[in-house]
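Next comes input18.txt, with compact mmCIF, C-alpha atoms and all ligand atoms.
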# COMPACT_ATOMS: atom_id res chain seq x y z
CA LEU A 1 -131.92 -19.44 -130.74
CA THR A 2 -133.63 -20.21 -127.45
CA ALA A 3 -137.35 -19.97 -126.73
CA TYR A 4 -139.13 -19.29 -123.45
CA TRP A 5 -142.84 -19.64 -122.87
CA CYS A 6 -143.99 -17.23 -120.15
CA GLU A 7 -147.15 -18.14 -118.30
CA LEU A 8 -147.68 -14.37 -117.90
CA ALA A 9 -145.56 -11.49 -119.16
CA TRP A 10 -145.73 -7.73 -118.79
CA LEU A 11 -145.01 -6.12 -122.15
CA GLY A 12 -145.52 -2.51 -121.03
CA GLY A 13 -149.32 -2.09 -121.07
CA GLU A 14 -151.79 -1.71 -118.23
CA GLU A 15 -152.44 -5.48 -118.22
CA VAL A 16 -150.21 -8.53 -118.42
CA GLU A 17 -150.40 -10.97 -121.35
CA ALA A 18 -150.92 -14.71 -121.01
CA GLY A 19 -148.88 -17.32 -122.87
CA VAL A 20 -146.06 -15.18 -124.26
CA LEU A 21 -143.39 -16.88 -126.36
CA VAL A 22 -140.09 -15.00 -126.11
CA GLU A 23 -137.39 -16.03 -128.56
CA VAL A 24 -133.82 -15.01 -127.85
CA MET A 25 -130.98 -14.86 -130.36
CA GLY A 26 -127.60 -14.00 -128.86
CA ASP A 27 -128.20 -11.31 -126.26
CA ARG A 28 -131.45 -9.91 -127.69
CA VAL A 29 -135.11 -10.76 -128.05
CA SER A 30 -135.64 -11.86 -131.67
CA ALA A 31 -139.38 -12.63 -131.65
CA LEU A 32 -142.37 -12.21 -129.38
CA THR A 33 -145.76 -13.93 -129.67
CA SER A 34 -148.67 -13.43 -127.28
CA ARG A 35 -151.57 -15.76 -126.50
CA VAL A 36 -149.74 -18.99 -127.18
CA ALA A 37 -152.03 -21.24 -125.14
CA ILE A 38 -149.91 -24.38 -125.18
CA PRO A 39 -146.16 -24.17 -124.55
CA PRO A 40 -144.24 -25.39 -127.63
CA ALA A 41 -142.18 -28.50 -126.87
CA ALA A 42 -138.90 -26.71 -127.62
CA ALA A 43 -139.61 -23.78 -125.29
CA SER A 44 -138.56 -23.59 -121.62
CA ARG A 45 -141.59 -22.90 -119.45
CA LEU A 46 -141.42 -19.91 -117.08
CA ALA A 47 -144.13 -20.02 -114.42
CA GLY A 48 -145.21 -16.75 -112.79
CA LEU A 49 -144.97 -13.25 -114.22
CA THR A 50 -142.04 -12.31 -116.45
CA ILE A 51 -141.08 -8.65 -116.41
CA PRO A 52 -138.15 -6.73 -117.90
CA GLY A 53 -135.07 -6.82 -115.71
CA LEU A 54 -135.31 -4.06 -113.09
CA ALA A 55 -133.15 -0.95 -113.46
CA ASN A 56 -131.69 0.44 -110.25
CA ALA A 57 -130.93 3.96 -111.41
CA HIS A 58 -129.12 5.24 -108.31
CA SER A 59 -126.84 3.21 -106.06
CA HIS A 60 -123.84 3.75 -103.82
CA ALA A 61 -122.87 0.10 -103.43
CA PHE A 62 -120.41 0.59 -100.54
CA GLN A 63 -123.15 2.08 -98.35
CA ARG A 64 -124.55 -1.46 -98.08
CA ALA A 65 -122.12 -1.71 -95.16
CA LEU A 66 -124.20 0.80 -93.16
CA ARG A 67 -127.24 -1.48 -93.11
CA GLY A 68 -128.19 -2.21 -89.51
CA ARG A 69 -125.55 0.25 -88.34
CA ALA A 70 -127.08 3.57 -89.36
CA GLN A 71 -130.88 3.24 -89.37
CA ASN A 72 -131.49 3.29 -85.68
CA GLY A 73 -131.32 6.36 -83.46
CA ALA A 74 -131.86 10.09 -83.65
CA GLY A 75 -130.38 12.59 -86.08
CA SER A 76 -130.80 13.81 -89.65
CA PHE A 77 -129.32 13.40 -93.12
CA TRP A 78 -126.30 15.33 -91.86
CA THR A 79 -125.57 13.04 -88.91
CA TRP A 80 -126.02 10.01 -91.19
CA ARG A 81 -123.50 11.57 -93.56
CA GLU A 82 -120.85 11.54 -90.81
CA GLN A 83 -121.32 7.76 -90.46
CA MET A 84 -121.10 7.34 -94.23
CA TYR A 85 -117.91 9.43 -94.36
CA ALA A 86 -116.29 7.29 -91.65
CA LEU A 87 -117.04 4.18 -93.70
CA ALA A 88 -115.79 5.72 -96.97
CA ASP A 89 -112.56 6.77 -95.28
CA ASP A 90 -111.89 3.15 -94.43
CA LEU A 91 -112.16 1.72 -97.94
CA ASP A 92 -109.43 0.67 -100.34
CA PRO A 93 -109.93 -0.78 -103.84
CA ASP A 94 -110.12 -4.37 -102.57
CA ARG A 95 -112.77 -3.60 -99.95
CA TYR A 96 -114.65 -1.39 -102.38
CA LEU A 97 -114.71 -4.28 -104.88
CA ALA A 98 -115.82 -6.83 -102.29
CA LEU A 99 -118.66 -4.65 -101.00
CA ALA A 100 -119.84 -3.79 -104.49
CA ARG A 101 -119.70 -7.40 -105.69
CA ALA A 102 -121.81 -8.49 -102.73
CA ALA A 103 -124.28 -5.60 -103.07
CA PHE A 104 -124.62 -6.14 -106.84
CA GLY A 105 -125.14 -9.85 -106.13
CA GLU A 106 -127.97 -8.97 -103.75
CA MET A 107 -129.44 -6.72 -106.45
CA ALA A 108 -129.27 -9.55 -109.01
CA LEU A 109 -131.24 -11.78 -106.65
CA ALA A 110 -133.82 -8.96 -106.38
CA GLY A 111 -134.35 -8.95 -110.16
CA VAL A 112 -132.05 -6.03 -110.96
CA THR A 113 -130.24 -6.45 -114.28
CA LEU A 114 -128.89 -2.90 -114.63
CA VAL A 115 -127.31 -0.71 -111.95
CA GLY A 116 -126.45 2.96 -112.09
CA GLU A 117 -123.57 3.30 -109.66
CA PHE A 118 -123.06 6.92 -108.66
CA HIS A 119 -119.35 6.84 -107.94
CA TYR A 120 -117.48 9.57 -106.09
CA LEU A 121 -114.89 7.75 -103.92
CA HIS A 122 -112.15 8.16 -106.51
CA HIS A 123 -108.80 8.59 -104.82
CA GLY A 124 -106.62 7.18 -102.06
CA PRO A 125 -106.16 8.48 -98.52
CA GLY A 126 -105.67 12.24 -98.39
CA GLY A 127 -106.91 12.50 -101.99
CA VAL A 128 -103.72 11.09 -103.48
CA PRO A 129 -104.59 9.41 -106.80
CA TYR A 130 -103.91 5.69 -107.19
CA ASP A 131 -101.35 4.68 -109.84
CA ASP A 132 -104.34 3.95 -112.03
CA PRO A 133 -106.47 7.05 -111.33
CA ASN A 134 -109.58 4.97 -112.12
CA GLU A 135 -108.71 2.08 -109.84
CA MET A 136 -111.84 2.52 -107.70
CA GLY A 137 -114.12 2.83 -110.76
CA THR A 138 -112.48 -0.22 -112.29
CA ALA A 139 -113.28 -2.12 -109.09
CA LEU A 140 -116.97 -1.34 -109.64
CA VAL A 141 -116.75 -2.62 -113.22
CA ALA A 142 -115.18 -5.86 -111.97
CA ALA A 143 -117.87 -6.16 -109.27
CA ALA A 144 -120.73 -5.80 -111.76
CA SER A 145 -119.11 -8.30 -114.08
CA ALA A 146 -118.76 -10.85 -111.26
CA ALA A 147 -122.42 -10.33 -110.29
CA GLY A 148 -123.54 -10.61 -113.93
CA VAL A 149 -125.41 -7.28 -113.98
CA ARG A 150 -125.06 -4.43 -116.45
CA LEU A 151 -123.48 -1.28 -115.09
CA THR A 152 -123.68 2.39 -115.88
CA LEU A 153 -120.66 3.81 -114.08
CA ILE A 154 -121.80 7.34 -113.25
CA ASP A 155 -118.54 9.07 -112.43
CA ALA A 156 -119.32 12.05 -110.21
CA CYS A 157 -117.34 15.28 -110.33
CA TYR A 158 -116.69 16.61 -106.80
CA LEU A 159 -114.63 19.75 -106.26
CA GLN A 160 -115.49 21.39 -102.95
CA GLY A 161 -116.62 20.43 -99.47
CA GLY A 162 -119.71 22.64 -99.56
CA ILE A 163 -120.57 25.90 -101.27
CA GLY A 164 -117.39 28.01 -101.01
CA ARG A 165 -115.72 25.50 -98.65
CA ASP A 166 -112.54 23.51 -99.16
CA PRO A 167 -112.91 19.74 -98.93
CA GLU A 168 -112.20 18.31 -95.50
CA GLY A 169 -111.21 14.82 -94.36
CA VAL A 170 -112.51 12.03 -96.56
CA GLN A 171 -114.02 14.56 -98.98
CA ARG A 172 -110.48 14.96 -100.35
CA ARG A 173 -110.75 11.40 -101.68
CA PHE A 174 -113.79 12.45 -103.73
CA CYS A 175 -112.12 15.45 -105.38
CA ASP A 176 -110.30 15.89 -108.64
CA ARG A 177 -108.08 18.97 -108.98
CA ASP A 178 -110.66 20.70 -111.19
CA ALA A 179 -113.38 19.79 -113.66
CA ASP A 180 -110.88 19.42 -116.52
CA ALA A 181 -108.91 16.90 -114.45
CA TRP A 182 -112.17 15.08 -113.75
CA ALA A 183 -112.90 14.96 -117.51
CA ALA A 184 -109.40 13.74 -118.39
CA ARG A 185 -109.69 10.95 -115.81
CA VAL A 186 -113.15 9.87 -116.94
CA ASP A 187 -112.00 9.83 -120.57
CA GLY A 188 -109.79 6.92 -119.47
CA LEU A 189 -112.85 4.73 -118.73
CA ARG A 190 -114.26 2.53 -121.49
CA ASP A 191 -117.66 1.08 -122.40
CA ASP A 192 -118.06 -2.60 -123.15
CA ASP A 193 -121.02 -4.92 -123.81
CA SER A 194 -122.25 -4.62 -120.24
CA VAL A 195 -120.75 -1.29 -119.10
CA ARG A 196 -121.57 2.25 -120.14
CA ILE A 197 -119.86 5.36 -118.75
CA ALA A 198 -121.90 8.38 -117.65
CA ALA A 199 -121.23 11.66 -115.86
CA ALA A 200 -122.48 13.29 -112.70
CA ILE A 201 -122.28 16.61 -110.98
CA HIS A 202 -122.28 15.34 -107.41
CA SER A 203 -124.49 18.24 -106.25
CA VAL A 204 -124.50 22.03 -106.27
CA ARG A 205 -122.83 21.72 -102.86
CA ALA A 206 -119.81 19.91 -104.31
CA VAL A 207 -119.44 21.54 -107.75
CA PHE A 208 -119.56 25.29 -108.40
CA PRO A 209 -121.18 26.63 -111.60
CA PRO A 210 -118.10 26.76 -113.90
CA GLY A 211 -117.32 23.14 -112.95
CA SER A 212 -120.92 22.12 -113.66
CA ARG A 213 -120.66 23.78 -117.07
CA THR A 214 -117.54 21.73 -117.89
CA VAL A 215 -119.18 18.46 -116.82
CA ALA A 216 -122.36 19.29 -118.77
CA ARG A 217 -120.28 20.06 -121.87
CA TRP A 218 -118.36 16.79 -121.48
CA ALA A 219 -121.60 14.80 -121.27
CA GLY A 220 -123.21 16.73 -124.14
CA ALA A 221 -120.28 16.26 -126.51
CA ARG A 222 -120.30 12.50 -125.86
CA GLU A 223 -124.11 12.15 -125.62
CA ARG A 224 -123.75 10.58 -122.17
CA PRO A 225 -126.30 10.60 -119.37
CA LEU A 226 -125.70 13.29 -116.76
CA HIS A 227 -126.93 12.83 -113.20
CA ALA A 228 -126.89 15.06 -110.12
CA HIS A 229 -128.19 14.92 -106.57
CA VAL A 230 -130.80 17.70 -106.55
CA SER A 231 -132.65 19.27 -103.63
CA GLU A 232 -132.55 16.26 -101.33
CA GLN A 233 -132.52 18.51 -98.28
CA PRO A 234 -133.99 21.97 -97.57
CA ALA A 235 -130.57 23.04 -96.25
CA GLU A 236 -129.09 22.46 -99.73
CA ASN A 237 -131.73 24.75 -101.25
CA ASP A 238 -131.14 27.39 -98.58
CA ALA A 239 -127.37 27.41 -99.10
CA CYS A 240 -127.78 27.54 -102.88
CA LEU A 241 -130.28 30.39 -102.73
CA ALA A 242 -128.05 32.30 -100.31
CA ALA A 243 -124.94 31.89 -102.46
CA TYR A 244 -126.41 32.22 -105.95
CA GLY A 245 -129.96 33.55 -105.62
CA ARG A 246 -131.14 30.44 -107.47
CA THR A 247 -132.47 26.98 -106.63
CA PRO A 248 -130.22 24.00 -107.42
CA THR A 249 -132.38 23.17 -110.46
CA GLN A 250 -132.19 26.74 -111.75
CA LEU A 251 -128.42 26.82 -111.20
CA LEU A 252 -127.91 23.51 -113.01
CA ASP A 253 -130.18 24.62 -115.85
CA GLU A 254 -128.15 27.80 -116.33
CA ALA A 255 -124.99 25.66 -116.42
CA GLY A 256 -126.46 23.74 -119.37
CA ALA A 257 -126.92 20.55 -117.37
CA ILE A 258 -130.66 19.98 -117.81
CA SER A 259 -131.76 18.14 -120.93
CA SER A 260 -133.49 14.87 -121.80
CA ARG A 261 -130.21 13.14 -120.86
CA PHE A 262 -130.32 14.63 -117.35
CA THR A 263 -131.45 12.82 -114.22
CA ALA A 264 -132.21 14.72 -111.03
CA VAL A 265 -131.68 12.29 -108.17
CA HIS A 266 -134.15 12.74 -105.28
CA ALA A 267 -135.77 15.99 -106.57
CA THR A 268 -137.52 16.14 -103.19
CA HIS A 269 -137.83 19.84 -102.37
CA LEU A 270 -138.73 21.62 -105.61
CA VAL A 271 -140.44 24.90 -106.38
CA GLU A 272 -142.91 25.31 -109.24
CA ASP A 273 -140.23 26.72 -111.56
CA ASP A 274 -138.01 23.65 -110.93
CA LEU A 275 -140.86 21.31 -111.88
CA HIS A 276 -141.45 23.30 -115.04
CA ARG A 277 -137.78 23.25 -116.06
CA LEU A 278 -137.37 19.50 -115.46
CA GLY A 279 -140.63 18.73 -117.22
CA ALA A 280 -140.02 20.99 -120.23
CA ALA A 281 -136.66 19.28 -120.80
CA SER A 282 -138.17 15.76 -120.44
CA ALA A 283 -135.52 15.16 -117.81
CA THR A 284 -135.75 12.14 -115.52
CA CYS A 285 -136.25 12.36 -111.78
CA CYS A 286 -134.93 9.37 -109.87
CA LEU A 287 -136.66 8.97 -106.54
CA CYS A 288 -135.11 6.72 -103.89
CA PRO A 289 -138.01 6.39 -101.44
CA THR A 290 -136.58 3.85 -98.99
CA THR A 291 -133.46 5.98 -98.52
CA GLU A 292 -135.43 9.24 -98.45
CA ARG A 293 -137.54 7.77 -95.64
CA ASP A 294 -134.52 6.52 -93.78
CA LEU A 295 -132.72 9.87 -93.97
CA ALA A 296 -135.83 11.93 -93.16
CA ASP A 297 -135.48 13.75 -96.49
CA GLY A 298 -139.13 14.17 -97.40
CA ILE A 299 -141.49 12.92 -100.13
CA GLY A 300 -140.66 13.79 -103.74
CA PRO A 301 -143.49 15.30 -105.83
CA ALA A 302 -143.63 12.41 -108.30
CA ARG A 303 -147.18 13.10 -109.49
CA ARG A 304 -146.50 16.77 -110.17
CA LEU A 305 -143.22 15.88 -111.89
CA ARG A 306 -145.01 13.42 -114.17
CA ALA A 307 -147.73 15.99 -114.91
CA ALA A 308 -145.06 18.56 -115.77
CA GLY A 309 -143.54 16.18 -118.35
CA ALA A 310 -140.63 14.71 -116.39
CA ARG A 311 -139.87 11.01 -116.59
CA LEU A 312 -139.49 8.90 -113.45
CA ALA A 313 -136.96 6.33 -112.32
CA LEU A 314 -136.10 4.62 -109.03
CA GLY A 315 -132.97 3.86 -107.05
CA SER A 316 -131.95 1.96 -103.96
CA ASP A 317 -129.38 4.71 -103.18
CA SER A 318 -127.94 3.88 -99.72
CA ASN A 319 -128.79 0.18 -100.14
CA ALA A 320 -130.15 -0.06 -96.60
CA PHE A 321 -132.90 -1.87 -98.48
CA ILE A 322 -132.59 -3.52 -101.90
CA ASP A 323 -136.03 -4.10 -103.37
CA LEU A 324 -137.11 -2.16 -106.45
CA LEU A 325 -140.72 -3.31 -105.98
CA GLU A 326 -140.72 -1.57 -102.59
CA GLU A 327 -139.24 1.57 -104.19
CA ALA A 328 -141.93 1.45 -106.91
CA ARG A 329 -144.91 1.20 -104.60
CA ALA A 330 -143.40 3.73 -102.21
CA MET A 331 -143.44 6.36 -104.96
CA GLU A 332 -147.23 6.04 -104.95
CA LEU A 333 -147.95 5.12 -101.34
CA ASP A 334 -145.81 7.84 -99.74
CA GLU A 335 -147.67 10.42 -101.81
CA ARG A 336 -151.00 8.94 -100.69
CA LEU A 337 -149.97 9.71 -97.11
CA ALA A 338 -148.94 13.23 -98.03
CA THR A 339 -151.98 14.09 -100.18
CA ASN A 340 -154.91 11.98 -98.92
CA LEU A 341 -155.42 10.88 -102.53
CA ARG A 342 -154.95 7.44 -104.08
CA GLY A 343 -153.98 6.46 -107.58
CA GLY A 344 -151.55 9.12 -108.78
CA HIS A 345 -149.58 6.43 -110.59
CA SER A 346 -150.93 3.17 -112.04
CA ALA A 347 -149.18 -0.13 -111.37
CA ALA A 348 -147.94 -0.06 -114.98
CA GLN A 349 -146.53 3.44 -114.55
CA LEU A 350 -144.73 2.38 -111.37
CA MET A 351 -143.33 -0.66 -113.17
CA HIS A 352 -142.15 1.58 -116.02
CA ALA A 353 -140.26 3.70 -113.49
CA ALA A 354 -138.58 0.52 -112.18
CA THR A 355 -137.64 -0.70 -115.66
CA SER A 356 -137.66 1.44 -118.83
CA GLY A 357 -137.51 4.76 -116.95
CA GLY A 358 -134.33 3.72 -115.16
CA ALA A 359 -132.81 2.11 -118.24
CA GLU A 360 -133.29 5.27 -120.32
CA SER A 361 -131.87 7.42 -117.55
CA LEU A 362 -128.78 5.17 -117.49
CA GLY A 363 -128.20 5.32 -121.25
CA TRP A 364 -129.65 1.90 -122.12
CA PRO A 365 -132.69 2.67 -124.31
CA ASP A 366 -132.37 -0.91 -125.58
CA ALA A 367 -133.05 -2.33 -122.09
CA GLY A 368 -135.89 -2.15 -119.58
CA ARG A 369 -138.58 -3.56 -121.85
CA ILE A 370 -139.53 -6.87 -123.41
CA ALA A 371 -139.61 -6.14 -127.13
CA VAL A 372 -138.17 -7.44 -130.37
CA GLY A 373 -134.64 -6.07 -130.69
CA ALA A 374 -134.31 -5.19 -127.02
CA LEU A 375 -131.70 -6.79 -124.79
CA ALA A 376 -132.86 -10.11 -123.35
CA ASP A 377 -132.82 -8.92 -119.73
CA LEU A 378 -135.68 -10.50 -117.79
CA ALA A 379 -136.85 -11.15 -114.26
CA VAL A 380 -139.40 -13.86 -113.45
CA VAL A 381 -141.52 -13.23 -110.36
CA GLY A 382 -143.09 -16.32 -108.82
CA LEU A 383 -146.79 -16.02 -108.02
CA ASP A 384 -146.95 -19.13 -105.82
CA GLY A 385 -145.25 -17.82 -102.67
CA VAL A 386 -147.22 -16.82 -99.57
CA ARG A 387 -147.44 -13.17 -100.56
CA LEU A 388 -148.80 -13.72 -104.07
CA ALA A 389 -150.50 -17.15 -104.18
CA GLY A 390 -154.02 -16.89 -105.58
CA THR A 391 -153.18 -13.90 -107.79
CA THR A 392 -155.29 -13.80 -110.96
CA PRO A 393 -153.83 -12.80 -114.33
CA ALA A 394 -155.90 -9.60 -114.28
CA GLY A 395 -154.45 -8.65 -110.90
CA ALA A 396 -150.92 -9.91 -111.39
CA LEU A 397 -149.23 -6.61 -112.17
CA ALA A 398 -150.88 -4.76 -109.28
CA ALA A 399 -150.14 -7.70 -106.98
CA ILE A 400 -146.42 -7.71 -107.59
CA VAL A 401 -146.12 -3.91 -107.54
CA PHE A 402 -148.13 -3.39 -104.36
CA SER A 403 -147.48 -6.66 -102.49
CA GLY A 404 -144.55 -8.47 -104.08
CA SER A 405 -140.99 -8.36 -102.85
CA ALA A 406 -137.44 -9.12 -103.90
CA ALA A 407 -137.96 -12.51 -102.23
CA ASP A 408 -140.53 -13.42 -104.90
CA VAL A 409 -137.97 -13.12 -107.72
CA ARG A 410 -137.17 -16.60 -109.04
CA HIS A 411 -135.08 -16.27 -112.18
CA VAL A 412 -133.09 -13.43 -113.68
CA MET A 413 -131.59 -13.24 -117.17
CA VAL A 414 -129.06 -10.75 -118.54
CA GLY A 415 -128.31 -10.78 -122.27
CA GLY A 416 -129.90 -14.20 -122.75
CA ARG A 417 -127.92 -15.82 -119.90
CA TRP A 418 -129.38 -16.78 -116.55
CA ILE A 419 -127.65 -15.06 -113.63
CA VAL A 420 -130.23 -16.27 -111.09
CA ARG A 421 -132.03 -19.62 -111.24
CA ASP A 422 -134.58 -20.71 -108.61
CA ALA A 423 -133.59 -17.74 -106.43
CA VAL A 424 -129.92 -18.79 -106.41
CA HIS A 425 -127.16 -16.78 -108.07
CA THR A 426 -125.50 -18.89 -110.75
CA SER A 427 -121.93 -17.77 -110.01
CA LEU A 428 -121.77 -16.04 -106.61
CA ASP A 429 -122.56 -17.26 -103.12
CA VAL A 430 -124.14 -13.89 -102.33
CA SER A 431 -124.77 -14.47 -98.62
CA ARG A 432 -121.15 -15.51 -98.12
CA GLU A 433 -119.92 -12.55 -100.19
CA LEU A 434 -121.98 -10.23 -98.00
CA SER A 435 -120.89 -11.70 -94.69
CA GLU A 436 -117.22 -11.69 -95.69
CA ALA A 437 -117.34 -8.15 -97.10
CA LEU A 438 -119.23 -6.81 -94.11
CA SER A 439 -117.14 -8.52 -91.44
CA ARG A 440 -113.98 -6.68 -92.57
ZN ZN A 501 -127.04 9.30 -103.78
Do you think you could lay out the structure here as structure tokens?
Amino acid sequence: LTAYWCELAWLGGEEVEAGVLVEVMGDRVSALTSRVAIPPAAASRLAGLTIPGLANAHSHAFQRALRGRAQNGAGSFWTWREQMYALADDLDPDRYLALARAAFGEMALAGVTLVGEFHYLHHGPGGVPYDDPNEMGTALVAAASAAGVRLTLIDACYLQGGIGRDPEGVQRRFCDRDADAWAARVDGLRDDDSVRIAAAIHSVRAVFPPGSRTVARWAGARERPLHAHVSEQPAENDACLAAYGRTPTQLLDEAGAISSRFTAVHATHLVEDDLHRLGAASATCCLCPTTERDLADGIGPARRLRAAGARLALGSDSNAFIDLLEEARAMELDERLATNLRGGHSAAQLMHAATSGGAESLGWPDAGRIAVGALADLAVVGLDGVRLAGTTPAGALAAIVFSGSAADVRHVMVGGRWIVRDAVHTSLDVSRELSEALSR
């Protein structure tokens, strides 16, 4: 049993609590006491604001290598995708592991304790499977383990290069022979204490309706989360409507994909019927605002999704930027620009999207909150740096959500063990990992 006395802690309400004693037994919180004015002698003192570990619900770790190389200049999502494809074509399991370990290390330093890695680069050059057909996925598991973060490995089915188009070039590395072959391969992956396996339909561009049905059935039979990229770009909607007479959300719903275990990633360009379907199912929508800005995607209708009954989560997606606090405030602030209205989401609601919302979407209902019985996954945000000094307890939650940054994260715990202390990773030299992985 270990005890921590938090100067301030956010336990899920609109306000933070002062003097919270968190007791940890094994990997879980065993007791919680608020308003303990004087730290008990046996408890370690945590200055600042303690929050649940952040959940990054949508990542492609390897795309970290595009940072600084693909932000600048003219173009669109589609020209960016050519740069991403060139990078993906160049990766082997060792490079994939090194990039992911470095990116997950950067996430750990930013307070992330759980990553949803949306994984589609499955096979070797030309689409030839490796001897172990899950060698690339296994590299991601090893990377998360080295970085000390929990992982939901979201294995994405990918069958065609676009609606009615054969895969070309590097897309062949993403593809399994058919959805049954995808399922057989994914059945070879195993959960452990820090890894859970989930499914994805890459998008309606990459998987046709019978394939989506197979993936949805696989996830339903195993009660696994199911994710899909949905309506990130108007061109995807146009192609889907032209081919099927339905929006991507309608098509996925008819394939049996949409349920409370479903997460629509991006959900940027939705019609009223899409909002209704996602809301009625209590599905999650994972917005990735820093990537959506970068790729000129648009602004997701987070307020209308919430009002319709959908749940919200956040992801760093392309990893051009790794800061879940920036993603959280962007969900609100980008909509302010689009609507001329403030306050669609409270600071607590934004923090829920960055923690419990993501954890639930990734199949970890026992993470993303500080509560008795929950996993002891915590992030401690310092309030004494230049951005946050002078913050009062009453304003602490709003201060970190609207003005804090990954650089304010001091300590990070996963399952009762520190993975970051005093802003330093306890087992990885993350800067060196990044420079070595990115120089190759
Ligand atoms: Zn994505």
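Comparing A:His411, A:Arg101, A:Arg177, A:His229 by their smallest distance to ligand ZN 501 (chain A), the closest is A:His229 (using all atoms listed in the file).
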List every protein, DNA or RNA residue with an atom no more than 12 Å from (-144.3, 22.1, -105.0) in the file's coordinates, counting only C-alpha atoms, and format the result as a PyMOL selection string. chain A and resi 267-276+299-305+308
May I have the selected residues written with C-alpha atoms, as a JSON list (two decimals), in the coordinates of the input?
[["chain", "number", "residue", "atom", "x", "y", "z"],
["A", 267, "ALA", "CA", -135.77, 15.99, -106.57],
["A", 268, "THR", "CA", -137.52, 16.14, -103.19],
["A", 269, "HIS", "CA", -137.83, 19.84, -102.37],
["A", 270, "LEU", "CA", -138.73, 21.62, -105.61],
["A", 271, "VAL", "CA", -140.44, 24.90, -106.38],
["A", 272, "GLU", "CA", -142.91, 25.31, -109.24],
["A", 273, "ASP", "CA", -140.23, 26.72, -111.56],
["A", 274, "ASP", "CA", -138.01, 23.65, -110.93],
["A", 275, "LEU", "CA", -140.86, 21.31, -111.88],
["A", 276, "HIS", "CA", -141.45, 23.30, -115.04],
["A", 299, "ILE", "CA", -141.49, 12.92, -100.13],
["A", 300, "GLY", "CA", -140.66, 13.79, -103.74],
["A", 301, "PRO", "CA", -143.49, 15.30, -105.83],
["A", 302, "ALA", "CA", -143.63, 12.41, -108.30],
["A", 303, "ARG", "CA", -147.18, 13.10, -109.49],
["A", 304, "ARG", "CA", -146.50, 16.77, -110.17],
["A", 305, "LEU", "CA", -143.22, 15.88, -111.89],
["A", 308, "ALA", "CA", -145.06, 18.56, -115.77]]
Is it possible to get the residues within 10 Å of (-148.0, -24.7, -121.8) (coordinates as in the file, counting only C-alpha atoms) written as a ChimeraX atom specification? /A:5-7,19,36-41,43-47
Within 9 Å of ligand ZN 501 (chain A): each chain A residue with its shortest pair, all atoms listed in the file, as a Markdown table:
| residue | atom | partner | partner_atom | distance |
| --- | --- | --- | --- | --- |
| A:His58 | CA | A:ZN501 | ZN | 6.4 |
| A:Ser59 | CA | A:ZN501 | ZN | 6.5 |
| A:His60 | CA | A:ZN501 | ZN | 6.4 |
| A:Phe118 | CA | A:ZN501 | ZN | 6.7 |
| A:His202 | CA | A:ZN501 | ZN | 8.5 |
| A:Ala228 | CA | A:ZN501 | ZN | 8.6 |
| A:His229 | CA | A:ZN501 | ZN | 6.4 |
| A:Val265 | CA | A:ZN501 | ZN | 7.1 |
| A:His266 | CA | A:ZN501 | ZN | 8.0 |
| A:Cys288 | CA | A:ZN501 | ZN | 8.5 |
| A:Thr291 | CA | A:ZN501 | ZN | 8.9 |
| A:Gly315 | CA | A:ZN501 | ZN | 8.7 |
| A:Ser316 | CA | A:ZN501 | ZN | 8.8 |
| A:Asp317 | CA | A:ZN501 | ZN | 5.2 |
| A:Ser318 | CA | A:ZN501 | ZN | 6.8 |
Can you tell me which residues surround stretch 150-156 of chain A at a distance of at most 7 Å, considering all atoms listed in the file, apart from same-chain residues fewer than 2 positions away, and format the answer as a count of residues only? 21
